[in-house]
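Listing of coords31.txt, compact mmCIF, C-alpha atoms
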```txt
# COMPACT_ATOMS: atom_id res chain seq x y z
CA MET A 23 86.57 86.60 106.37
CA THR A 24 87.83 88.80 109.21
CA GLU A 25 90.55 89.99 106.86
CA ILE A 26 87.99 91.06 104.28
CA LEU A 27 85.91 92.78 106.94
CA SER A 28 88.84 94.63 108.53
CA GLY A 29 90.04 95.78 105.11
CA LEU A 30 86.61 97.03 104.10
CA LEU A 31 85.87 98.77 107.41
CA LEU A 32 89.27 100.41 107.93
CA GLY A 33 89.39 101.38 104.25
CA ALA A 34 85.91 102.87 104.50
CA GLY A 35 87.00 104.93 107.51
CA PHE A 36 90.06 106.09 105.57
CA GLY A 37 88.06 107.04 102.47
CA PHE A 38 85.30 108.69 104.47
CA VAL A 39 87.70 110.95 106.39
CA LEU A 40 89.71 111.83 103.26
CA GLU A 41 86.53 112.92 101.48
CA ARG A 42 85.30 114.85 104.56
CA ALA A 43 88.58 116.76 104.65
CA GLY A 44 88.15 117.75 100.99
CA PHE A 45 90.91 115.48 99.72
CA GLY A 46 88.96 114.36 96.68
CA ASN A 47 89.30 117.91 95.35
CA PRO A 48 92.46 118.48 93.25
CA ASN A 49 92.26 122.27 93.72
CA LYS A 50 92.36 121.85 97.48
CA LEU A 51 95.08 119.16 97.44
CA THR A 52 97.43 121.21 95.25
CA GLY A 53 96.68 124.33 97.29
CA GLN A 54 99.25 122.92 99.72
CA PHE A 55 101.94 123.34 97.07
CA ARG A 56 100.76 126.87 96.23
CA LEU A 57 100.87 127.49 100.01
CA THR A 58 97.35 128.93 99.98
CA ASP A 59 95.63 125.89 101.59
CA TRP A 60 97.48 124.02 104.33
CA SER A 61 94.86 121.31 104.90
CA VAL A 62 97.10 118.52 103.55
CA PHE A 63 99.92 119.33 106.00
CA LYS A 64 97.53 119.91 108.89
CA VAL A 65 95.59 116.66 108.42
CA MET A 66 98.68 114.53 107.69
CA PHE A 67 100.75 115.88 110.58
CA THR A 68 97.88 115.49 113.02
CA ALA A 69 97.22 111.91 111.91
CA ILE A 70 100.91 110.95 112.03
CA VAL A 71 101.38 112.45 115.50
CA PHE A 72 98.15 110.89 116.79
CA ALA A 73 99.10 107.43 115.52
CA ALA A 74 102.76 107.69 116.64
CA VAL A 75 101.82 108.80 120.18
CA GLY A 76 99.02 106.22 120.26
CA LEU A 77 101.39 103.40 119.29
CA MET A 78 103.89 104.52 121.94
CA VAL A 79 101.22 104.53 124.65
CA LEU A 80 99.78 101.16 123.58
CA GLU A 81 103.30 99.67 123.59
CA GLN A 82 103.81 100.95 127.16
CA PHE A 83 100.67 99.13 128.25
CA GLY A 84 101.73 96.01 126.39
CA LEU A 85 98.76 96.19 124.04
CA VAL A 86 100.94 96.48 120.94
CA ASP A 87 104.17 94.59 120.31
CA ALA A 88 106.57 96.93 118.51
CA GLY A 89 108.32 93.90 117.03
CA ASN A 90 105.16 93.00 115.12
CA LEU A 91 104.74 96.39 113.45
CA PHE A 92 105.82 96.77 109.86
CA VAL A 93 108.60 99.36 109.56
CA PRO A 94 109.62 100.04 105.94
CA PRO A 95 113.30 99.21 105.27
CA ALA A 96 115.68 102.17 105.09
CA PHE A 97 116.38 102.29 101.34
CA LEU A 98 116.63 106.04 101.68
CA GLY A 99 117.73 106.75 98.12
CA ALA A 100 114.75 104.80 96.77
CA ALA A 101 112.40 106.57 99.19
CA ALA A 102 113.82 109.97 98.19
CA LEU A 103 113.59 109.30 94.45
CA GLY A 104 110.13 107.75 94.69
CA GLY A 105 108.96 110.59 96.94
CA ALA A 106 110.21 113.13 94.40
CA LEU A 107 108.33 111.41 91.55
CA VAL A 108 105.10 111.01 93.53
CA GLY A 109 105.40 114.67 94.66
CA ALA A 110 105.82 115.84 91.06
CA GLY A 111 102.93 113.61 89.99
CA PHE A 112 100.77 115.06 92.76
CA ALA A 113 101.59 118.68 91.85
CA ILE A 114 101.01 118.13 88.11
CA GLY A 115 98.20 115.55 88.23
CA GLY A 116 96.34 116.95 91.24
CA TYR A 117 96.17 113.74 93.28
CA CYS A 118 98.20 111.11 95.02
CA PRO A 119 97.22 107.47 94.45
CA GLY A 120 94.84 107.20 97.43
CA THR A 121 93.15 110.55 96.95
CA SER A 122 92.54 109.84 93.25
CA VAL A 123 90.18 107.05 94.35
CA VAL A 124 88.36 109.60 96.52
CA GLY A 125 88.24 112.07 93.61
CA LEU A 126 86.82 109.40 91.31
CA MET A 127 84.07 108.48 93.79
CA SER A 128 82.93 112.12 93.89
CA GLY A 129 82.52 112.05 90.11
CA ARG A 130 85.78 113.58 88.93
CA ILE A 131 86.77 112.48 85.41
CA ASP A 132 90.31 113.84 85.87
CA ALA A 133 90.74 111.47 88.82
CA ALA A 134 89.80 108.54 86.57
CA ILE A 135 92.44 109.71 84.06
CA PHE A 136 95.01 110.02 86.89
CA LEU A 137 94.21 106.46 87.97
CA LEU A 138 94.69 105.25 84.39
CA GLY A 139 98.08 107.02 84.40
CA LEU A 140 98.90 105.32 87.69
CA LEU A 141 98.34 101.91 86.08
CA LEU A 142 100.39 102.93 83.02
CA GLY A 143 103.24 104.12 85.26
CA THR A 144 103.18 100.75 87.00
CA VAL A 145 103.24 98.93 83.63
CA LEU A 146 106.18 101.10 82.55
CA PHE A 147 108.04 100.30 85.77
CA ALA A 148 107.39 96.56 85.47
CA SER A 149 108.40 96.45 81.81
CA ILE A 150 111.86 97.95 82.45
CA TYR A 151 112.27 96.47 85.94
CA PRO A 152 115.42 94.39 85.23
CA ASN A 153 117.24 97.59 84.18
CA ILE A 154 116.08 99.72 87.10
CA GLU A 155 115.81 97.17 89.88
CA PHE A 156 118.83 98.80 91.55
CA LEU A 157 116.75 101.97 92.09
CA THR A 158 114.47 100.15 94.54
CA THR A 159 117.32 99.38 96.96
CA LEU A 160 119.22 102.62 96.46
CA GLY A 161 120.96 104.29 99.40
CA GLU A 162 120.44 101.68 102.08
CA TYR A 163 121.07 102.90 105.62
CA ALA A 164 122.23 99.71 107.29
CA LYS A 165 122.39 100.93 110.88
CA ALA A 166 118.67 101.41 111.55
CA ASP A 167 115.20 101.61 110.01
CA ALA A 168 113.61 104.08 112.45
CA LEU A 169 114.49 107.43 114.02
CA PRO A 170 114.90 106.24 117.65
CA ASP A 171 117.56 103.65 116.70
CA ALA A 172 119.26 105.84 114.11
CA PHE A 173 119.83 108.76 116.47
CA ASN A 174 119.66 106.90 119.75
CA ILE A 175 116.82 109.04 121.11
CA SER A 176 113.71 107.80 122.86
CA SER A 177 110.37 107.60 121.04
CA LEU A 178 109.04 109.94 123.71
CA SER A 179 111.50 112.71 122.78
CA ILE A 180 110.75 112.28 119.09
CA ASN A 181 107.01 112.37 119.70
CA ILE A 182 107.31 115.53 121.80
CA GLY A 183 109.34 117.07 118.97
CA MET A 184 106.67 116.05 116.45
CA VAL A 185 103.86 117.55 118.54
CA ILE A 186 105.76 120.85 118.64
CA ALA A 187 106.39 120.64 114.89
CA ALA A 188 102.69 119.96 114.27
CA VAL A 189 101.69 123.01 116.31
CA GLY A 190 104.21 124.98 114.25
CA VAL A 191 102.61 123.73 111.02
CA PHE A 192 99.17 124.89 112.20
CA VAL A 193 100.46 128.34 113.23
CA LEU A 194 102.55 128.89 110.09
CA GLY A 195 99.89 127.40 107.81
CA SER A 196 97.02 129.42 109.24
CA TRP A 197 99.12 132.58 108.99
CA MET A 198 99.98 131.91 105.33
CA GLU A 199 96.34 131.05 104.60
CA SER A 200 95.29 134.41 106.08
CA LYS A 201 97.83 136.19 103.85
CA SER A 202 96.51 134.50 100.68
CA LYS A 203 93.24 133.33 99.16
CA GLY A 204 92.98 130.79 101.95
CA PRO A 205 91.59 127.24 102.02
CA VAL A 206 89.60 126.01 99.02
CA SER A 207 85.97 125.58 100.01
CA SER A 208 83.58 122.87 98.86
CA GLN A 209 81.23 125.43 97.40
CA VAL A 210 83.05 126.38 94.21
CA MET B 9 68.08 131.17 99.53
CA ASN B 10 65.17 128.88 98.74
CA ASN B 11 64.85 125.24 99.74
CA ALA B 12 65.92 123.76 96.41
CA GLU B 13 69.18 125.68 96.58
CA ALA B 14 69.79 124.59 100.15
CA GLN B 15 69.40 120.98 99.07
CA VAL B 16 72.04 121.02 96.35
CA ARG B 17 74.52 123.21 98.19
CA PRO B 18 77.46 120.98 99.17
CA ALA B 19 78.40 120.79 102.85
CA ALA B 20 81.57 122.55 103.98
CA TYR B 21 84.76 120.52 104.37
CA MET B 22 85.68 119.26 107.81
CA ASN B 23 88.04 121.21 110.05
CA PRO B 24 91.57 119.87 109.35
CA LEU B 25 92.38 119.27 113.04
CA VAL B 26 89.23 117.17 113.49
CA ALA B 27 89.86 115.32 110.21
CA GLY B 28 93.48 114.74 111.26
CA VAL B 29 92.50 113.23 114.61
CA LEU B 30 89.91 110.98 112.92
CA LEU B 31 92.45 109.89 110.31
CA GLY B 32 94.93 109.23 113.12
CA MET B 33 92.35 107.01 114.84
CA VAL B 34 91.77 105.01 111.67
CA LEU B 35 95.53 104.68 111.12
CA LEU B 36 96.21 103.65 114.73
CA THR B 37 93.40 101.08 114.62
CA THR B 38 94.81 99.70 111.38
CA PHE B 39 98.22 99.19 113.02
CA VAL B 40 96.66 97.51 116.06
CA VAL B 41 94.48 95.19 113.97
CA THR B 42 96.84 94.33 111.08
CA GLY B 43 100.37 95.28 112.19
CA HIS B 44 100.80 97.58 109.20
CA GLY B 45 99.35 100.90 108.05
CA LEU B 46 97.07 102.10 105.25
CA GLY B 47 97.95 102.10 101.57
CA ALA B 48 96.82 102.44 97.96
CA THR B 49 99.39 101.42 95.34
CA GLY B 50 99.71 97.92 96.79
CA PHE B 51 96.30 97.47 95.19
CA THR B 52 96.95 99.24 91.87
CA THR B 53 100.09 97.14 91.37
CA ARG B 54 98.09 93.97 91.96
CA LEU B 55 95.41 95.29 89.61
CA VAL B 56 98.05 95.72 86.90
CA ALA B 57 99.19 92.13 87.53
CA TRP B 58 95.57 90.92 87.30
CA ILE B 59 94.90 92.82 84.04
CA GLY B 60 98.21 91.57 82.66
CA MET B 61 97.34 88.01 83.61
CA ASN B 62 94.16 88.23 81.53
CA VAL B 63 95.38 90.36 78.62
CA ALA B 64 98.98 89.21 78.18
CA PRO B 65 99.44 86.08 80.33
CA VAL B 66 102.81 85.01 78.93
CA ALA B 67 104.45 88.40 79.28
CA THR B 68 103.01 88.85 82.78
CA ASN B 69 104.08 85.40 83.97
CA THR B 70 107.64 85.94 82.82
CA ASN B 71 107.82 89.54 84.07
CA ASP B 72 110.34 89.87 86.88
CA TYR B 73 108.21 92.32 88.84
CA LEU B 74 104.67 91.03 88.31
CA GLY B 75 105.38 87.33 87.80
CA GLY B 76 105.48 86.51 91.49
CA MET B 77 102.07 88.10 92.06
CA VAL B 78 100.31 85.99 89.42
CA GLU B 79 102.01 82.71 90.33
CA GLU B 80 99.00 81.45 92.26
CA GLY B 81 96.54 83.00 89.85
CA LYS B 82 94.97 85.39 92.34
CA PRO B 83 96.96 88.63 92.43
CA LEU B 84 94.01 90.57 93.89
CA ASN B 85 93.63 88.19 96.81
CA ALA B 86 95.12 90.48 99.46
CA TRP B 87 94.07 92.69 102.38
CA ILE B 88 95.01 95.85 100.47
CA THR B 89 92.39 95.06 97.78
CA TRP B 90 89.61 95.10 100.37
CA GLN B 91 91.04 98.20 101.98
CA VAL B 92 90.97 100.14 98.70
CA VAL B 93 87.44 98.88 97.94
CA GLY B 94 86.61 100.20 101.41
CA VAL B 95 88.19 103.58 100.58
CA ALA B 96 85.95 103.83 97.52
CA ILE B 97 82.83 102.93 99.54
CA GLY B 98 83.69 105.34 102.37
CA ALA B 99 84.49 108.19 99.99
CA LEU B 100 81.28 107.58 98.03
CA LEU B 101 79.21 107.57 101.22
CA SER B 102 80.81 110.77 102.51
CA ALA B 103 80.49 112.58 99.17
CA PHE B 104 76.87 111.46 98.86
CA LEU B 105 75.92 112.62 102.37
CA ALA B 106 77.64 115.97 101.81
CA LYS B 107 76.04 116.40 98.35
CA ARG B 108 79.46 116.61 96.77
CA ILE B 109 79.01 114.16 93.88
CA HIS B 110 79.35 116.04 90.60
CA ILE B 111 80.47 114.48 87.33
CA LYS B 112 83.03 116.90 85.94
CA LEU B 113 86.58 117.38 84.72
CA ASP B 114 88.01 119.20 87.74
CA GLY B 115 91.27 121.06 88.26
CA LYS B 116 91.42 122.99 84.99
CA LYS B 117 91.98 126.29 86.78
CA PHE B 118 95.31 125.37 88.34
CA LEU B 119 96.40 122.29 86.40
CA GLY B 120 96.81 123.01 82.73
CA GLY B 121 93.51 124.57 81.59
CA SER B 122 92.36 122.84 78.41
CA LYS B 123 95.31 120.43 78.74
CA ARG B 124 93.90 119.12 82.03
CA PRO B 125 93.45 115.54 80.75
CA MET B 126 97.17 115.50 79.87
CA THR B 127 98.31 116.80 83.29
CA ALA B 128 96.10 114.21 84.99
CA LEU B 129 97.52 111.39 82.86
CA PHE B 130 101.15 112.52 83.12
CA GLY B 131 100.87 113.11 86.87
CA GLY B 132 99.40 109.65 87.28
CA ILE B 133 102.23 108.04 85.31
CA LEU B 134 104.87 109.83 87.42
CA ALA B 135 103.14 108.87 90.68
CA GLY B 136 102.61 105.26 89.57
CA PHE B 137 106.25 104.86 88.57
CA GLY B 138 107.55 106.68 91.65
CA ALA B 139 105.47 104.62 94.05
CA ARG B 140 107.07 101.44 92.67
CA VAL B 141 110.59 102.88 93.08
CA ALA B 142 109.87 103.77 96.72
CA ALA B 143 107.71 100.66 97.32
CA GLY B 144 104.94 102.88 98.65
CA CYS B 145 102.94 106.06 98.09
CA THR B 146 101.82 109.01 100.18
CA SER B 147 99.60 106.73 102.28
CA GLY B 148 101.69 103.59 102.48
CA LEU B 149 105.14 105.07 102.94
CA GLY B 150 104.54 108.74 103.84
CA LEU B 151 101.64 108.55 106.29
CA SER B 152 102.03 105.00 107.62
CA GLY B 153 105.84 105.03 107.47
CA ALA B 154 106.10 108.27 109.43
CA ALA B 155 103.68 106.99 112.10
CA VAL B 156 106.17 104.21 112.95
CA LEU B 157 108.95 106.84 112.89
CA SER B 158 110.70 105.19 109.93
CA LEU B 159 113.58 106.93 108.18
CA ALA B 160 112.16 105.89 104.80
CA GLY B 161 108.79 107.48 105.62
CA PHE B 162 110.24 110.85 106.59
CA THR B 163 112.67 110.79 103.65
CA PHE B 164 109.77 110.14 101.29
CA LEU B 165 107.71 113.00 102.78
CA GLY B 166 110.68 115.37 102.56
CA THR B 167 111.33 114.96 98.83
CA PHE B 168 107.59 114.58 98.13
CA PHE B 169 106.84 118.06 99.43
CA ALA B 170 110.06 119.69 98.16
CA VAL B 171 109.57 118.49 94.58
CA GLY B 172 105.82 119.10 94.74
CA LEU B 173 106.43 122.72 95.72
CA LEU B 174 108.92 123.10 92.88
CA ALA B 175 106.79 121.36 90.24
CA SER B 176 103.70 123.43 91.05
CA ARG B 177 105.70 126.61 90.21
CA PHE B 178 105.64 125.51 86.56
CA LEU B 179 101.85 125.41 86.40
CA LYS B 180 100.17 128.71 85.67
CA GLU B 181 96.78 129.60 87.06
CA GLU B 182 94.10 130.27 84.46
CA LYS B 183 92.41 133.62 84.89
```

Hey, can you dump this file as structure tokens for me?
Amino acid sequence: MTEILSGLLLGAGFGFVLERAGFGNPNKLTGQFRLTDWSVFKVMFTAIVFAAVGLMVLEQFGLVDAGNLFVPPAFLGAAALGGALVGAGFAIGGYCPGTSVVGLMSGRIDAAIFLLGLLLGTVLFASIYPNIEFLTTLGEYAKADALPDAFNISSLSINIGMVIAAVGVFVLGSWMESKSKGPVSSQV
Amino acid sequence: MNNAEAQVRPAAYMNPLVAGVLLGMVLLTTFVVTGHGLGATGFTTRLVAWIGMNVAPVATNTNDYLGGMVEEGKPLNAWITWQVVGVAIGALLSAFLAKRIHIKLDGKKFLGGSKRPMTALFGGILAGFGARVAAGCTSGLGLSGAAVLSLAGFTFLGTFFAVGLLASRFLKEEK
């Protein structure tokens, strides 16, 4: 019961914020790749930095046990290949998997078609899985799963670096937006 | 502007910094409560297993990838299912309050013009396949994986944006 409730509530928060930011709109989402609308970078970087710093602080106070957090395994070749395919799918289809749900809920038929494609892509993957299973464990980095262990730097240093990078994204993005058509508004 | 116009005019999108902080709060809370981040394709994969179980039970049961999910007969019985249902509810509520619900085929201008249904379908297939190779999507591996400073998360984000930039060069804007 609590699992159902936490899923529904956290998911609702996720979906609500994505829609607020305009991430149900394929024109806005792909504006990041045309470099005319930097909302995707700005929102993602801010959220990543907020959560990373927040986890670090909560760990310091003993409120979160780092050992209990899920860290995806370092199959870096698989992550790179999958990232490339999802990136291409995003640029061509106008959504990523999560934002296509948001697009559908705001009435977009193309988002429903994207979701159908998503299911077909999954069927395709499952049907040839024995032949391509090796792709999912490609390029394993055995030494570490996370940046602090891999490079032997503290989480604090990495988080400071990420804050600086995020500020850079806002400055660069806002400058490029001012030089182009700028962010896609909700009123078109 | 008269009142009727004011009523149908959609609200402006939220400032990205504010939206980013709010998204960060949701993501952080998710880690604290569940130990993992947010996702999407964990659900769509289970949905495929569920459909397969009902449409082609033999093939699904013997499938190396989906078989394990249907073993107990309830592939949708997972936290991620409720989270994605929540995403749909939250998005619907936000779009409704902002008067942004419009039934339409969107994205024609930048994504293929009259071929928009094809770009949506093809993009979906690529993303669906790619998310299974990486065992995660933009939310599950990119956003959540980067928040725990994982190498896989940052690697995913790197090629995601590089190839996205490249692929969007091939799409011409309709005048």

### Message
Counting all atoms listed in the file, a student should be able to say which residues of chain B come within 6 Å of chain A; what is the right answer, written as number ranges by chain?
### Response
B: 20-22, 24, 27-29, 31-32, 36, 43-44, 48, 73, 87, 90-92, 94-95, 97-100, 102-103, 109-113, 115, 127-129, 131-139, 141-142, 155, 157-160, 163-164, 167-168, 171-173, 175-176

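What separates atom CA of A:Leu51 from atom CA of B:Lys117 is a distance of 13.2 Å.
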
Expected axis-aligned box over every listed atom of stretch 87-94 of chain B, 8 Å added per side, centre plus edges in Å to one decimal, as JSON:
```
{"center_x": 90.8, "center_y": 96.4, "center_z": 100.1, "size_x": 24.4, "size_y": 23.5, "size_z": 20.6}
```

### Query
Which value, in Å to one decimal, gives the distance between atom CA of A:Gln82 and atom CA of B:Thr38?
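Separating atom CA of A:Gln82 from atom CA of B:Thr38 is a distance of 18.2 Å.
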
### Task
Figure out the distance between atom CA of B:Leu74 and atom CA of B:Gly60, please, to one decimal in Å.
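That distance, rounded to one decimal, is 8.6 Å.
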